[in-house]
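K.L.:
Structure incoming, see below.
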There are 2 protein chains.
Amino acid sequence: MSTTPPAPARSTQVRLAQRPVGEPDDATYRFETTELPALADGQLLLRVVYLSLDPYMRGRMSDAPSYAAPVAVGDVLEGATVCVVEESRHPDWAVGDAALSYSGWQSHAISDGTGLRRLDPAKAPISTAVGVLGMPGFTAYAGLLQIGRPQPGETVVVAAATGPVGSAVGQIAQVQGARSVGIAGGEAKRQALLDEFGFDVALDHRSPDFADELAAAVPDGIDVYFENVGGPVAREVFKHVNLYARVPVCGLVADYNRTSAPEGPDRLPGFMGLVLRKSLTVRGFIQNEFTAAHGRDFVRDMSQWVAEGKVRYREDVVEGLENAPEAFRGLLSGRNFGKLLIKVSEDPTL
Amino acid sequence: MSTTPPAPARSTQVRLAQRPVGEPDDATYRFETTELPALADGQLLLRVVYLSLDPYMRGRMSDAPSYAAPVAVGDVLEGATVCVVEESRHPDWAVGDAALSYSGWQSHAISDGTGLRRLDPAKAPISTAVGVLGMPGFTAYAGLLQIGRPQPGETVVVAAATGPVGSAVGQIAQVQGARSVGIAGGEAKRQALLDEFGFDVALDHRSPDFADELAAAVPDGIDVYFENVGGPVAREVFKHVNLYARVPVCGLVADYNRTSAPEGPDRLPGFMGLVLRKSLTVRGFIQNEFTAAHGRDFVRDMSQWVAEGKVRYREDVVEGLENAPEAFRGLLSGRNFGKLLIKVSEDPTL
C-alpha cells in the first residue's frame, strides 16, 4: 500500500515590517503565510497554542542598544510560546506532546528539539509555562528575593500589580511575611488586587487622590519598591522610600514607547540625591541572570505556592494571532488584565 | 602655697548664622569668642589642631530631609577635628595627648572623653585621622570593596580623583588588580593623578575633548563608577558603563549648592532605562553603615597600604579658622587640591 504524504504544513507568521517610532501601529507588522518544508529526520512540527505577549518585546522591535539583539526587520517577531507537537521525526517527541518553545508570532514552526521544554498538563495548565511558572513568575521571584529581599513586617510596593509579574511579587512578598501594597489602573483592577490576589492594600493610580492614598497606605514607609512601570506612579512611590530601601528594576513600561527625553525639569539630580540620602539600592535586572543559581528553587517553590493557593494568577486570553498587534498595544498602555496570552489554536489539554 | 587658677579658656567658634540658599556666603557664618567654664572632674580641654572640611557638611547646613539631623541655626558648625589635650581632669587623658574628636568649627572645646579616639603620632601623622586613615579613607574602602567589588582586570572610574576619597578609590582599585581611571579638574590635578597617585589613566574634565578622551580611556567599558560628583562628568561616564556595572554613590558635590531641579529635558527616564538595559547596581551609602563590619579591617589594611606606599595621600592645609568659610566654598567648587584641612593651631607632633 502506498501512503499519501501529508499536505505541506503552512505557518501564518507576523513579521517586523518596520521599526516602530513610539507606539507600534499596523505598519509595524506584516502578516504572511508560508509553506513549511517537509520534516527531516530529527525534526518535529510544532503547532503554537499560546503566544505570550510581554512588555520586553517592545525593546526587541527597536535597534537601540539593549541587553538582547533586536529582531531584524523582515523576521518573525520573537516570543515565548506553548506548543503541541503535530508531527514528529524526533525520537524524544511524540505527536500530542506539549512544549515550551520560543517559536515567536506564528502558528506553526519546525524544530529540531533544541531549547524545547516538555510540559506536563497533569501538573499545571500548560499556559502557566509562560506565566506564573515561567518567565514572568521567575522575574518576580528572583527580583524580589535576590534584590528586594523583603523582611517580615516590611512594606513592599509594586505597580502593574494585576499583571503576571506584579501579582506574583505581591503574593511572594506576603509568603515572606512582608506587607504588600499593589497599584493598578482602575477600580476593577484595584478590587481584583484585594479579592483575587489578597494584597494587603490596593490602590488605583488613576484616582485623583492617589498621592494621598499612597501616603496613607505606607505609614511606615516603603522598604522594597519593585519597579516595573516607571513614570508618574514611580515618582509618587519614591517619595516614601525608607533608608536602605531596595528597588529591583525589571521594567519601565510607561516609557517604552517614548521617542525622546521628556520635558524638564531634569529630575535626575534629585533622584540621585535621594539614592544618596536614603542609601537606596537601585538594581536593574533581567531574570535570566538568576536562572542558573535559582531556577530550580523557583520551580519547586512556585509550584508549591500555586498548589497551596498562596500564589494565584490571572490570564487574559485573546483569541487569534490576527489580534496580537492590538493586544500588544493594549499591553503597553495597561489595557490587559492579567497575563496576556494570544490563543493561536485550540488547547488540547483543557 | 597657693596656686593661681589658670585663666579661663576661650574658644573661637564659627556658628551657623542662617541656612544658606545655594552657595554659602559670609552671611551663613557668625564668628564668636566664648569663655569656656572651668573643667569639672572627668573633663578635659581640647585644643583643635586640624578641622576637617568635607562636602557632606553642606547637607548639614540645610534642613532638607537627610540621613543626619541638620545643624541648628545658632549652633557651632559640626566637623571632625584632630585635637591635643591642653588641660585634663580625666583619668585617661594627659596634657599633650592627641585625639580624634568631633569638636566642630572652633578653637577649643571641653569634653568628658566620650567619642574621643586616641591618636599615636608615632604611627602616622595625626592629620591622617581625618583623611586617608579616617572617614574619607573608609568611605573609599567600604564603598569600593563592599559595593563596587572590583575584580582583577576590571575598569574603575572615579572623579574628584585628587580628593581624599577619590585618590584612595583609585589606589585601592589597583591593589585589587583593577585598572583605575581618575578624573579631575585642570592639568595640574590631572598630572598629580599620574605622578602622585599612580592612576593608570588620568583625565581633565575641563578639556574640550573630555568626552572623546574618556571614551578612549575605557576601551573595555566601565565596571565600577564610584560616584562622588554627579553633574556633567557623571553624564559622560554613564555612557560607557558595562553590563552589571556597580555604582557606589557617596556624594554629588556638583549638586550640593543647587536650589531647584535644573532645566530639562528630564534625564531620569533615560537613566532608569540604562539601569535596566545594563543591569546596573546603583547604591547610595554613608560610610558609617559599614563601620561595625569592616572598620577594623580598614584600619589594618589601609595602615599597611599607606606604610607600603601603595596608597598615597595629599593634604591641602589652609591656615587659620577665619579662612574656613572661603576654603569650604572652594571645596564645593573643586578649588582644593587634596584632603582639605583647616590648621586651627600648631601641630605639636610635627
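Ordering of the C-alpha cells sets the chain letters (A, B, ...), residue numbers begin anew at 1 in every chain, and ligands are numbered from 1 in the order given.
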If you run DSSP on the backbone here, which positions in range 258-335 of chain B get alpha helix (DSSP H)? Please write them as a PyMOL selection string.

P.N.:
chain B and resi 268-277+291-307+324-332

K.L.:
Mind listing the strand (DSSP E) residues of range 23-102 of chain A, per DSSP on the backbone, as a PyMOL selection string?

P.N.:
chain A and resi 29-35+44-52+81-88+98-101

K.L.:
For chain A, work out the contacting residues on chain B at 7 Å, counting only C-alpha atoms, and write them as a PyMOL selection string.

P.N.:
chain B and resi 66-67+249-251+261-268+270+275-285

K.L.:
At a cut-off of 12 Å, can you tabulate as a Markdown table every residue of range 212-331 of chain B near range 156-165 of chain B together with its closest atom pair and the distance in Å to one decimal, using only C-alpha atoms and ordering rows by chain then number?

P.N.:
```
| residue | atom | partner | partner_atom | distance |
| --- | --- | --- | --- | --- |
| B:Leu214 | CA | B:Val157 | CA | 9.8 |
| B:Ala215 | CA | B:Val157 | CA | 11.8 |
| B:Ala217 | CA | B:Val157 | CA | 9.8 |
| B:Val218 | CA | B:Val157 | CA | 8.9 |
| B:Asp220 | CA | B:Val156 | CA | 11.0 |
| B:Gly221 | CA | B:Val156 | CA | 9.4 |
| B:Ile222 | CA | B:Val156 | CA | 6.3 |
| B:Asp223 | CA | B:Val156 | CA | 6.1 |
| B:Val224 | CA | B:Val156 | CA | 4.7 |
| B:Tyr225 | CA | B:Val157 | CA | 4.9 |
| B:Phe226 | CA | B:Val158 | CA | 5.1 |
| B:Glu227 | CA | B:Val158 | CA | 6.7 |
| B:Asn228 | CA | B:Ala159 | CA | 6.7 |
| B:Val229 | CA | B:Ala159 | CA | 6.6 |
| B:Gly230 | CA | B:Ala159 | CA | 9.0 |
| B:Gly231 | CA | B:Ala159 | CA | 10.9 |
| B:Pro232 | CA | B:Ala159 | CA | 11.2 |
| B:Val233 | CA | B:Ala159 | CA | 7.7 |
| B:Ala234 | CA | B:Ala159 | CA | 8.3 |
| B:Arg235 | CA | B:Ala159 | CA | 11.8 |
| B:Glu236 | CA | B:Ala159 | CA | 11.4 |
| B:Val237 | CA | B:Val157 | CA | 8.1 |
| B:Phe238 | CA | B:Val157 | CA | 10.4 |
| B:His240 | CA | B:Val157 | CA | 10.3 |
| B:Val241 | CA | B:Val157 | CA | 9.9 |
| B:Asn242 | CA | B:Val156 | CA | 11.1 |
| B:Ala245 | CA | B:Val156 | CA | 9.7 |
| B:Arg246 | CA | B:Val156 | CA | 9.5 |
| B:Val247 | CA | B:Val157 | CA | 9.8 |
| B:Pro248 | CA | B:Val158 | CA | 10.3 |
| B:Val249 | CA | B:Val158 | CA | 10.8 |
| B:Cys250 | CA | B:Val165 | CA | 9.4 |
| B:Gly251 | CA | B:Val165 | CA | 10.0 |
| B:Leu252 | CA | B:Ala160 | CA | 10.4 |
| B:Val253 | CA | B:Ala160 | CA | 9.2 |
| B:Ala254 | CA | B:Ala160 | CA | 10.2 |
| B:Gln287 | CA | B:Val165 | CA | 11.2 |
| B:Val311 | CA | B:Pro164 | CA | 10.9 |
| B:Arg312 | CA | B:Pro164 | CA | 9.7 |
| B:Tyr313 | CA | B:Pro164 | CA | 6.9 |
| B:Arg314 | CA | B:Pro164 | CA | 7.3 |
| B:Glu315 | CA | B:Pro164 | CA | 8.1 |
| B:Asp316 | CA | B:Gly163 | CA | 9.4 |
| B:Leu331 | CA | B:Gly163 | CA | 9.6 |
```

K.L.:
Extract, using only C-alpha atoms, all DNA, RNA and protein residues at most 12 Å from Lys343 in chain B, discarding same-chain residues fewer than 3 positions from it, and format them as a PyMOL selection string.

P.N.:
chain B and resi 47-53+81-83+105-107+127+315-324+327+340+346-348

K.L.:
Deliver the residues from the most recent selection as a file, using C-alpha atoms, as a PDB file, in the first residue's frame.

P.N.:
```pdb
ATOM      1  CA  ARG B  47      42.753  72.492  71.601  1.00  0.00           C
ATOM      2  CA  VAL B  48      41.775  71.948  67.972  1.00  0.00           C
ATOM      3  CA  VAL B  49      44.772  71.460  65.705  1.00  0.00           C
ATOM      4  CA  TYR B  50      43.050  70.409  62.468  1.00  0.00           C
ATOM      5  CA  LEU B  51      39.460  70.900  61.405  1.00  0.00           C
ATOM      6  CA  SER B  52      38.432  68.609  58.575  1.00  0.00           C
ATOM      7  CA  LEU B  53      36.288  70.162  55.857  1.00  0.00           C
ATOM      8  CA  THR B  81      38.787  67.560  64.343  1.00  0.00           C
ATOM      9  CA  VAL B  82      42.209  66.451  65.458  1.00  0.00           C
ATOM     10  CA  CYS B  83      42.991  67.905  68.861  1.00  0.00           C
ATOM     11  CA  TRP B 105      34.409  74.668  63.800  1.00  0.00           C
ATOM     12  CA  GLN B 106      36.071  76.085  66.879  1.00  0.00           C
ATOM     13  CA  SER B 107      39.458  76.527  68.508  1.00  0.00           C
ATOM     14  CA  SER B 127      46.156  64.699  60.451  1.00  0.00           C
ATOM     15  CA  GLU B 315      46.687  67.250  52.109  1.00  0.00           C
ATOM     16  CA  ASP B 316      45.619  70.781  51.317  1.00  0.00           C
ATOM     17  CA  VAL B 317      46.209  72.690  54.549  1.00  0.00           C
ATOM     18  CA  VAL B 318      44.655  76.142  54.978  1.00  0.00           C
ATOM     19  CA  GLU B 319      45.958  78.152  57.939  1.00  0.00           C
ATOM     20  CA  GLY B 320      43.506  79.753  60.342  1.00  0.00           C
ATOM     21  CA  LEU B 321      39.909  79.112  61.343  1.00  0.00           C
ATOM     22  CA  GLU B 322      38.992  82.512  59.933  1.00  0.00           C
ATOM     23  CA  ASN B 323      39.655  81.108  56.467  1.00  0.00           C
ATOM     24  CA  ALA B 324      37.339  78.132  56.853  1.00  0.00           C
ATOM     25  CA  ALA B 327      38.016  77.214  51.989  1.00  0.00           C
ATOM     26  CA  LEU B 340      41.221  69.929  52.862  1.00  0.00           C
ATOM     27  CA  GLU B 346      50.115  74.431  65.808  1.00  0.00           C
ATOM     28  CA  ASP B 347      50.592  70.686  65.446  1.00  0.00           C
ATOM     29  CA  PRO B 348      52.893  69.777  68.348  1.00  0.00           C
TER      30      PRO B 348
END
```

K.L.:
I'd like to know which of A:Arg58, A:Thr259, A:Tyr141, A:Arg118 is closest to Pro70 in chain A, using only C-alpha atoms.

P.N.:
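Closest candidate: A:Arg58.
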
K.L.:
Write out as number ranges by chain each polymer residue whose atoms come within 9 Å of range 19-23 of chain B, counting only C-alpha atoms; drop sequence neighbours fewer than 3 positions from it.

P.N.:
B: 16, 27-28, 58, 61-63, 73, 256-259, 329, 332

K.L.:
With only C-alpha atoms as the atoms that count, which of B:Val76, B:Gly143, B:Pro55, B:Gln191 lies nearest to Phe328 in chain B?

P.N.:
B:Pro55
